[in-house]
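Report on the structure given below.
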Amino acid sequence: MLKRAKALFLGLMTSVISLPLSGTLGAEEATWNLNMPRGVTEVSQAAYDIHMIMMWICTVIGVLVFGFMFYVMFAHRKSRGVKAANFHENLTVEILWTIVPALILIVMAVPATTALLKVYDTENPDIDIKVTGYQWKWQYEYIGEDIKFMSELRTSQDEQYGREPKGEHYLREVTQPLVIPTNKKVRFLITGNDVIHSWWVPDFAVKRDAIPGLFTAAWAKTDQPGTYVGACTELCGKDHSRMPVVVEVKEEADYEAWLAGKKEEAVLYKSTIGKQWTNQELMAKGEAVYSVSCAGCHQSEGQGIAGIFPSLIGSSIVTGPVEGHIGILINGVAGSAMQSFADQLSEVDLAAVIHYKRNSWGNDMDDIVQPLDILNYKQSQ
Amino acid sequence: MAHGPSQNFFSRWLFSTNHKDIGTLYLWFSFAMFLLGGAFAMIIRAELFQPGMQLIQPEFFNQMTTMHGLVMVFGAIMPAFVGLANWMIPMMIGAPDMALPRMNNLSFWILPFAFAILVATLFMEGGGPNFGWTFYAPLSTTYAPDTVNYFIFGVHIMGASSIMGSINIIATVMNMRAPGMTYMKMPLFVWTWVITAFLLVAVMPVLAGAVTMMLMDINFGTSFFDAAGGGDPVLFQHVFWFFGHPEVYIIILPAFGVVSQIIPTFSRKPLFGYSSMVYATASIAFLSFIVWAHHMFTVGMPIAGELYFMYATMLIAVPTGVKVFNWVTTMYKGALTFETPMLFSIAFVILFTFGGFTGMMLSIAAADTQYHDTYFVVAHFHYVMVAGAVFSGTAAVYYWLPKWCGKMYDETMGKLQFWIAFIAFNITFMPQHFLGLAGMPRRYSDYGLQFADWNMVSSIGAFMYGGAQLLFLFNVIRTIGWGKPIDDPKVWEGAEGLEWTLPTPAPFHTFSTPPIVK
């Protein structure tokens, strides 16, 4: 017993000692990771430091208590012929081992409080970004900049189900990452659209729940450009593990250029709403939108999941009047997982995906849906 | 001597009002649930063996994590300790039976129905509950499958069962102690159970309130937890954790009690610091009511609230530390032997303390920003739930089984089970700390490639741990059927207490005339 326990103990100790070494930036690539990343913000470094302090305090207490215990297990075995003593109390030591831990706790409370004050220091930001959790994607809105986009998983179903080899960034890649500049205090105002999600970027130590009807706040400021990957950390349904957070930190000049490009894109897009799209154009675009925004629930062939997500094949809505079909995507279905896509997809995307659904998997409607139809529907509401 | 058990199998087990028979029913039921919940865990670990979806769909994966948690907490661990309480409390306090024997029968026999309802949802359209064992609204209300109503009724029945069981224990201990058995002479197992019973009576109605509000939101148009109707999803979490935090102590306090019986026996020395053990248990129970929001450090509470819950949570380390120091000092200068129950109890002290350390780390709100809802938390609560509650329950069965059936278990097989369980447990859950720190959130049906290695290690450990439980089942059945008969009332050389003054095996009815305790 003692030998085994000793080996385990030594194993534990070596891994504890090697921990601080693994907390470096390049750790992302390593797969035998042991420790929390130190991160790139003041908050994440404060969280890391208090984590390490706590771990060392626990380690020291553990070594003392377990060390004593192993000594007892070795020295006071009946097989060594010892006779049991009969004492069963000692007021002095009992008071001592109540007061000493209490004092240790008081000492630990000081850095713990300082670190927490940093987490909560969300006043006076340079940039405000609204983060909204949807089942199962994020929406980022740059407040005051008229920029808003969805960020969705880019890893294909084929990779997930082993029909294709998994890429290097498996489940860590999105259609559009959030972009923020270096050296600016960015405040994230986080909320949820349907269920509760939680927006986590480990390298910023930003983790705040995205709760429908509430805003939570967090902040980050870093001088290190790079790509930082996080995750949703509150169970939000089927694809909880398939809504990664990807944040790209750019140098200020690059950020400004990106921002300008984004605004140009919006102008360019507006010119395509009025144009008449052909069947082929709509089908091609629709298929792309469907696979990202709809296939998660209604499945890749529109068959749905019995009892949870309705099939689209021959469904009364998809094969009914076009207004009804547009209406359900614009308004969603209250009290179900079918959300409103009015804010999530552009008019072009909506028209394309509706057209695609009405003309795929055996559905064969003669009509053609144009972005203008969507715009008219929205304006008539 | 009064009459024995009914000879008819059905009337003996269905209509029994005997504390020993009902205790046996509870124990077998909980073991069946333990295997079922374990099977769910095996499915989870098999799917997580490597990245990608191989065996099951994400929707079903969420049902598995939910059912694993619900079945283990409400079906395996809680009934196991109620079973031990039923068997041991009357024997330990010198009572003939439980105070309310008919209610005892009822509180057991509604449980199988509760779990039949819960498990049946897996076979219904829409599937079983898929919103985690903490069932946060609105995922568990507006967005839940229709079968959530069955889940709610199942939880109501479990709650009723627990409340009845607790009332029975409180009534028994208050009224049926043998002459001279003052409160401060009660064995610690009895003390921890009385305190647990009070916790249960206090918080099970809160759980019932939470699920009833869900029921109203789902079916009757209320908006307790629906922001669109003026409600608040965070309210659900406050109500749930006001139940949920005491609940984890409900699970662990009787485990403390068991270990406090076993360590003195195999140290051949009285428990060190008996009265401080009692006070520490009571303090932990009190603190459990005022720390609930440390499960919610990321919901955006005001900083004053966050600081309060952090400080209050850190305080729990003090009484818990007292208990650990007492156990270790009980062993100090004893004459130790290491039979299977002792091995499990020592492992309990070590691994539970380890889980306590990670608990202290989790209490630090700024660091919890990183730990929250990751595998670090999963590892933490499995160290206290599995190495805590399950190890101590296993220790209790090995410790008292010879007394119950008058036959000795196979020591070699017991030790073998211990070593497999101990090693496999650490292989399973130690890497989960690393996974969590490296950034893997919990309840993930799939993960990025950087988490692949530790997940595979963890899954291998889990399969080994599952296998060790079959060895346990085999050893118990073998003991009852073919174990070596013994008749020493004390069974263990160092055992002390009223239960060991009874003949072995313990007769069907005990203490018809109360013993006198000096």
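So you can find residues: chains in the structure tokens are A, B, ... in the order shown, residues in each start at 1, and ligands are numbered from 1 in order.
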Given a cut-off of 6 Å, which residues of chain A touch chain B, counting only C-alpha atoms, written out as an NGL selection string?
:A and (31 or 34-36 or 47 or 51 or 54 or 58 or 72 or 76-78 or 82-86 or 88-89 or 115-116 or 160-161 or 170-171 or 195 or 205 or 207-209 or 213 or 216 or 233 or 238 or 241 or 307-308 or 335-336)
Write out, as an mmCIF file, in the first residue's frame, the residues just selected, with N, CA and C atoms.
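Once everything was written out, this is selection.cif:
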```
data_model
loop_
_atom_site.group_PDB
_atom_site.id
_atom_site.type_symbol
_atom_site.label_atom_id
_atom_site.label_comp_id
_atom_site.auth_asym_id
_atom_site.auth_seq_id
_atom_site.Cartn_x
_atom_site.Cartn_y
_atom_site.Cartn_z
ATOM 1 N N THR A 31 -0.952 18.736 -26.789
ATOM 2 C CA THR A 31 -2.180 18.020 -26.481
ATOM 3 C C THR A 31 -2.154 17.430 -25.088
ATOM 4 N N LEU A 34 -1.555 20.632 -19.217
ATOM 5 C CA LEU A 34 -1.880 20.402 -17.812
ATOM 6 C C LEU A 34 -2.513 21.602 -17.151
ATOM 7 N N ASN A 35 -2.175 22.794 -17.602
ATOM 8 C CA ASN A 35 -2.569 23.952 -16.809
ATOM 9 C C ASN A 35 -3.366 24.966 -17.610
ATOM 10 N N MET A 36 -3.903 25.909 -16.859
ATOM 11 C CA MET A 36 -4.656 27.021 -17.398
ATOM 12 C C MET A 36 -3.715 27.926 -18.196
ATOM 13 N N ALA A 47 -6.205 36.150 -12.894
ATOM 14 C CA ALA A 47 -6.871 34.876 -12.623
ATOM 15 C C ALA A 47 -5.846 33.746 -12.534
ATOM 16 N N HIS A 51 -4.926 31.564 -9.244
ATOM 17 C CA HIS A 51 -5.040 30.098 -9.425
ATOM 18 C C HIS A 51 -3.761 29.402 -8.949
ATOM 19 N N MET A 54 -3.354 29.626 -5.093
ATOM 20 C CA MET A 54 -4.242 28.665 -4.426
ATOM 21 C C MET A 54 -3.707 27.252 -4.566
ATOM 22 N N CYS A 58 -2.682 24.825 -1.484
ATOM 23 C CA CYS A 58 -3.302 23.503 -1.330
ATOM 24 C C CYS A 58 -2.241 22.407 -1.370
ATOM 25 N N VAL A 72 1.824 7.809 9.635
ATOM 26 C CA VAL A 72 1.008 7.054 10.591
ATOM 27 C C VAL A 72 0.699 5.660 10.044
ATOM 28 N N HIS A 76 2.307 3.103 12.579
ATOM 29 C CA HIS A 76 1.360 2.604 13.584
ATOM 30 C C HIS A 76 0.501 1.468 13.062
ATOM 31 N N ARG A 77 1.157 0.545 12.395
ATOM 32 C CA ARG A 77 0.431 -0.638 11.913
ATOM 33 C C ARG A 77 0.434 -1.697 12.993
ATOM 34 N N LYS A 78 -0.654 -2.430 13.063
ATOM 35 C CA LYS A 78 -0.738 -3.490 14.054
ATOM 36 C C LYS A 78 0.307 -4.563 13.770
ATOM 37 N N VAL A 82 2.493 -2.688 17.380
ATOM 38 C CA VAL A 82 2.177 -1.542 18.230
ATOM 39 C C VAL A 82 0.892 -1.788 19.018
ATOM 40 N N LYS A 83 0.795 -1.149 20.176
ATOM 41 C CA LYS A 83 -0.453 -1.191 20.956
ATOM 42 C C LYS A 83 -1.164 0.140 20.750
ATOM 43 N N ALA A 84 -2.497 0.092 20.566
ATOM 44 C CA ALA A 84 -3.243 1.330 20.323
ATOM 45 C C ALA A 84 -3.278 2.175 21.583
ATOM 46 N N ALA A 85 -3.063 3.486 21.425
ATOM 47 C CA ALA A 85 -3.268 4.409 22.543
ATOM 48 C C ALA A 85 -4.766 4.607 22.732
ATOM 49 N N ASN A 86 -5.154 5.404 23.727
ATOM 50 C CA ASN A 86 -6.583 5.525 23.977
ATOM 51 C C ASN A 86 -7.060 6.979 24.040
ATOM 52 N N HIS A 88 -8.554 10.580 23.023
ATOM 53 C CA HIS A 88 -9.546 10.935 22.014
ATOM 54 C C HIS A 88 -9.902 12.406 22.010
ATOM 55 N N GLU A 89 -9.183 13.234 22.733
ATOM 56 C CA GLU A 89 -9.355 14.672 22.526
ATOM 57 C C GLU A 89 -8.149 15.436 23.038
ATOM 58 N N ALA A 115 -8.180 40.440 -7.333
ATOM 59 C CA ALA A 115 -8.367 39.865 -8.668
ATOM 60 C C ALA A 115 -9.809 40.062 -9.131
ATOM 61 N N LEU A 116 -10.747 39.873 -8.210
ATOM 62 C CA LEU A 116 -12.152 39.988 -8.597
ATOM 63 C C LEU A 116 -12.499 41.430 -8.976
ATOM 64 N N GLN A 160 -17.283 15.962 -38.751
ATOM 65 C CA GLN A 160 -17.773 15.569 -37.430
ATOM 66 C C GLN A 160 -18.162 14.102 -37.370
ATOM 67 N N TYR A 161 -18.712 13.591 -38.488
ATOM 68 C CA TYR A 161 -19.167 12.211 -38.469
ATOM 69 C C TYR A 161 -18.165 11.257 -39.115
ATOM 70 N N TYR A 170 -10.343 21.677 -36.124
ATOM 71 C CA TYR A 170 -11.616 20.981 -35.914
ATOM 72 C C TYR A 170 -12.402 21.578 -34.743
ATOM 73 N N LEU A 171 -13.613 22.035 -35.023
ATOM 74 C CA LEU A 171 -14.521 22.636 -34.034
ATOM 75 C C LEU A 171 -13.982 23.925 -33.422
ATOM 76 N N VAL A 195 -31.982 30.403 -25.253
ATOM 77 C CA VAL A 195 -31.680 29.804 -23.947
ATOM 78 C C VAL A 195 -30.434 30.499 -23.399
ATOM 79 N N ALA A 205 -9.687 35.504 -19.968
ATOM 80 C CA ALA A 205 -10.446 35.208 -18.752
ATOM 81 C C ALA A 205 -11.787 35.937 -18.770
ATOM 82 N N LYS A 207 -15.553 35.165 -19.127
ATOM 83 C CA LYS A 207 -16.624 34.169 -19.223
ATOM 84 C C LYS A 207 -17.854 34.759 -18.556
ATOM 85 N N ARG A 208 -18.846 35.069 -19.358
ATOM 86 C CA ARG A 208 -20.081 35.612 -18.811
ATOM 87 C C ARG A 208 -21.264 34.925 -19.475
ATOM 88 N N ASP A 209 -22.273 34.617 -18.662
ATOM 89 C CA ASP A 209 -23.444 33.943 -19.203
ATOM 90 C C ASP A 209 -24.221 34.879 -20.113
ATOM 91 N N GLY A 213 -32.921 38.369 -21.864
ATOM 92 C CA GLY A 213 -33.560 39.380 -21.024
ATOM 93 C C GLY A 213 -32.605 40.125 -20.117
ATOM 94 N N THR A 216 -24.953 40.949 -19.353
ATOM 95 C CA THR A 216 -23.813 40.839 -18.457
ATOM 96 C C THR A 216 -22.632 41.501 -19.160
ATOM 97 N N THR A 233 -19.961 27.838 -22.744
ATOM 98 C CA THR A 233 -19.797 27.004 -21.548
ATOM 99 C C THR A 233 -21.083 26.823 -20.748
ATOM 100 N N LYS A 238 -28.573 20.771 -28.216
ATOM 101 C CA LYS A 238 -27.892 19.765 -29.016
ATOM 102 C C LYS A 238 -26.480 20.154 -29.462
ATOM 103 N N SER A 241 -21.598 22.081 -28.109
ATOM 104 C CA SER A 241 -20.160 22.008 -28.343
ATOM 105 C C SER A 241 -19.790 22.497 -29.742
ATOM 106 N N GLY A 307 -40.049 13.965 -33.752
ATOM 107 C CA GLY A 307 -40.429 14.343 -32.395
ATOM 108 C C GLY A 307 -39.733 15.580 -31.877
ATOM 109 N N ILE A 308 -38.676 16.040 -32.565
ATOM 110 C CA ILE A 308 -37.965 17.216 -32.061
ATOM 111 C C ILE A 308 -37.949 18.317 -33.129
ATOM 112 N N GLY A 335 -42.137 29.726 -28.492
ATOM 113 C CA GLY A 335 -42.159 28.554 -27.627
ATOM 114 C C GLY A 335 -41.546 27.322 -28.257
ATOM 115 N N SER A 336 -40.781 27.498 -29.324
ATOM 116 C CA SER A 336 -40.096 26.331 -29.892
ATOM 117 C C SER A 336 -38.671 26.730 -30.237
#
```
Extract, using only C-alpha atoms, all DNA, RNA and protein residues at most 10 Å from segment 319-334 of chain A, discarding same-chain residues fewer than 6 positions from it, and format them as an MDAnalysis selection string.
(chainID A and resid 312:313 340:345 350:351 353:355 357:359 363:365 367:369 373:374 377:378 381) or (chainID B and resid 142)
Limited to N, CA and C atoms, could you put the picked residues into a file as a compact mmCIF listing (two decimals), in the first residue's frame?
```txt
# COMPACT_ATOMS: atom_id res chain seq x y z
N LEU A 312 -38.81 18.92 -43.41
CA LEU A 312 -39.21 19.95 -44.36
C LEU A 312 -39.73 19.34 -45.66
N ILE A 313 -39.63 18.02 -45.78
CA ILE A 313 -40.00 17.36 -47.02
C ILE A 313 -41.53 17.29 -47.07
N SER A 340 -36.48 33.39 -34.78
CA SER A 340 -36.64 34.37 -35.84
C SER A 340 -35.29 34.58 -36.50
N PHE A 341 -35.27 34.49 -37.84
CA PHE A 341 -34.00 34.70 -38.55
C PHE A 341 -33.91 36.11 -39.13
N ALA A 342 -34.91 36.98 -38.82
CA ALA A 342 -34.94 38.31 -39.41
C ALA A 342 -33.65 39.07 -39.14
N ASP A 343 -33.10 38.91 -37.92
CA ASP A 343 -31.89 39.62 -37.57
C ASP A 343 -30.62 38.85 -37.90
N GLN A 344 -30.78 37.56 -38.17
CA GLN A 344 -29.60 36.71 -38.32
C GLN A 344 -29.14 36.61 -39.77
N LEU A 345 -30.11 36.58 -40.69
CA LEU A 345 -29.77 36.39 -42.10
C LEU A 345 -30.17 37.63 -42.89
N LEU A 350 -32.03 35.00 -46.90
CA LEU A 350 -33.37 34.47 -46.59
C LEU A 350 -34.07 34.03 -47.87
N ALA A 351 -34.03 34.89 -48.88
CA ALA A 351 -34.70 34.55 -50.14
C ALA A 351 -34.10 33.27 -50.71
N VAL A 353 -32.42 30.81 -49.22
CA VAL A 353 -32.64 29.58 -48.48
C VAL A 353 -34.10 29.14 -48.57
N ILE A 354 -35.02 30.10 -48.63
CA ILE A 354 -36.43 29.73 -48.78
C ILE A 354 -36.64 29.09 -50.15
N HIS A 355 -36.05 29.71 -51.16
CA HIS A 355 -36.17 29.17 -52.51
C HIS A 355 -35.58 27.74 -52.57
N LYS A 357 -35.24 25.55 -50.13
CA LYS A 357 -36.07 24.56 -49.44
C LYS A 357 -37.29 24.17 -50.26
N ARG A 358 -37.84 25.14 -50.97
CA ARG A 358 -39.06 24.87 -51.75
C ARG A 358 -38.76 24.05 -53.00
N ASN A 359 -37.48 23.90 -53.32
CA ASN A 359 -37.14 23.21 -54.57
C ASN A 359 -36.08 22.13 -54.38
N ASN A 363 -39.29 18.46 -52.92
CA ASN A 363 -40.18 19.62 -52.95
C ASN A 363 -39.99 20.30 -54.30
N ASP A 364 -41.10 20.66 -54.94
CA ASP A 364 -40.97 21.22 -56.28
C ASP A 364 -42.03 22.30 -56.48
N MET A 365 -41.73 23.50 -55.99
CA MET A 365 -42.66 24.61 -56.16
C MET A 365 -42.19 25.42 -57.36
N ASP A 367 -42.65 28.61 -57.91
CA ASP A 367 -42.38 30.03 -57.69
C ASP A 367 -40.89 30.30 -57.48
N ILE A 368 -40.52 31.55 -57.58
CA ILE A 368 -39.14 31.96 -57.30
C ILE A 368 -39.21 33.07 -56.26
N VAL A 369 -38.36 32.98 -55.25
CA VAL A 369 -38.40 33.96 -54.17
C VAL A 369 -37.23 34.92 -54.34
N ASP A 373 -38.89 40.33 -52.21
CA ASP A 373 -40.09 39.78 -51.56
C ASP A 373 -39.91 39.81 -50.05
N ILE A 374 -38.70 39.50 -49.62
CA ILE A 374 -38.43 39.48 -48.18
C ILE A 374 -38.53 40.89 -47.62
N TYR A 377 -42.03 41.94 -47.41
CA TYR A 377 -42.72 41.29 -46.30
C TYR A 377 -42.39 41.98 -44.99
N LYS A 378 -41.09 42.27 -44.81
CA LYS A 378 -40.66 42.92 -43.56
C LYS A 378 -41.34 44.27 -43.40
N GLN A 381 -44.97 44.45 -42.28
CA GLN A 381 -45.31 43.99 -40.92
C GLN A 381 -45.53 45.13 -39.94
N THR B 142 -39.28 26.27 -21.97
CA THR B 142 -39.71 26.60 -23.33
C THR B 142 -39.08 25.69 -24.38
```
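Using only C-alpha atoms, the shortest contact distance between Asn175 of chain B and any of B:Pro90, B:Pro129, B:Gly305, B:Gly83 is found at B:Pro90.
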From the list B:Ala32, B:Val173, B:Cys405, B:Ile77, which residue is nearest Pro112 of chain B when using only C-alpha atoms?
B:Ala32
Just the alpha helix (DSSP H) stuff from segment 87-333 of chain B, please, per backbone DSSP, written as a PyMOL selection string.
chain B and resi 87-93+101-109+111-120+148-175+188-219+233-267+274-288+303-315+317-331
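Computed from the coordinates, the atom CA of Leu215 of chain B to atom CA of Leu200 of chain B distance equals 22.0 Å.
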When distances are computed from only C-alpha atoms, which of B:Met67, B:Val73, B:Val457, B:Leu122 shows the smallest separation from His382 of chain B?
B:Val73
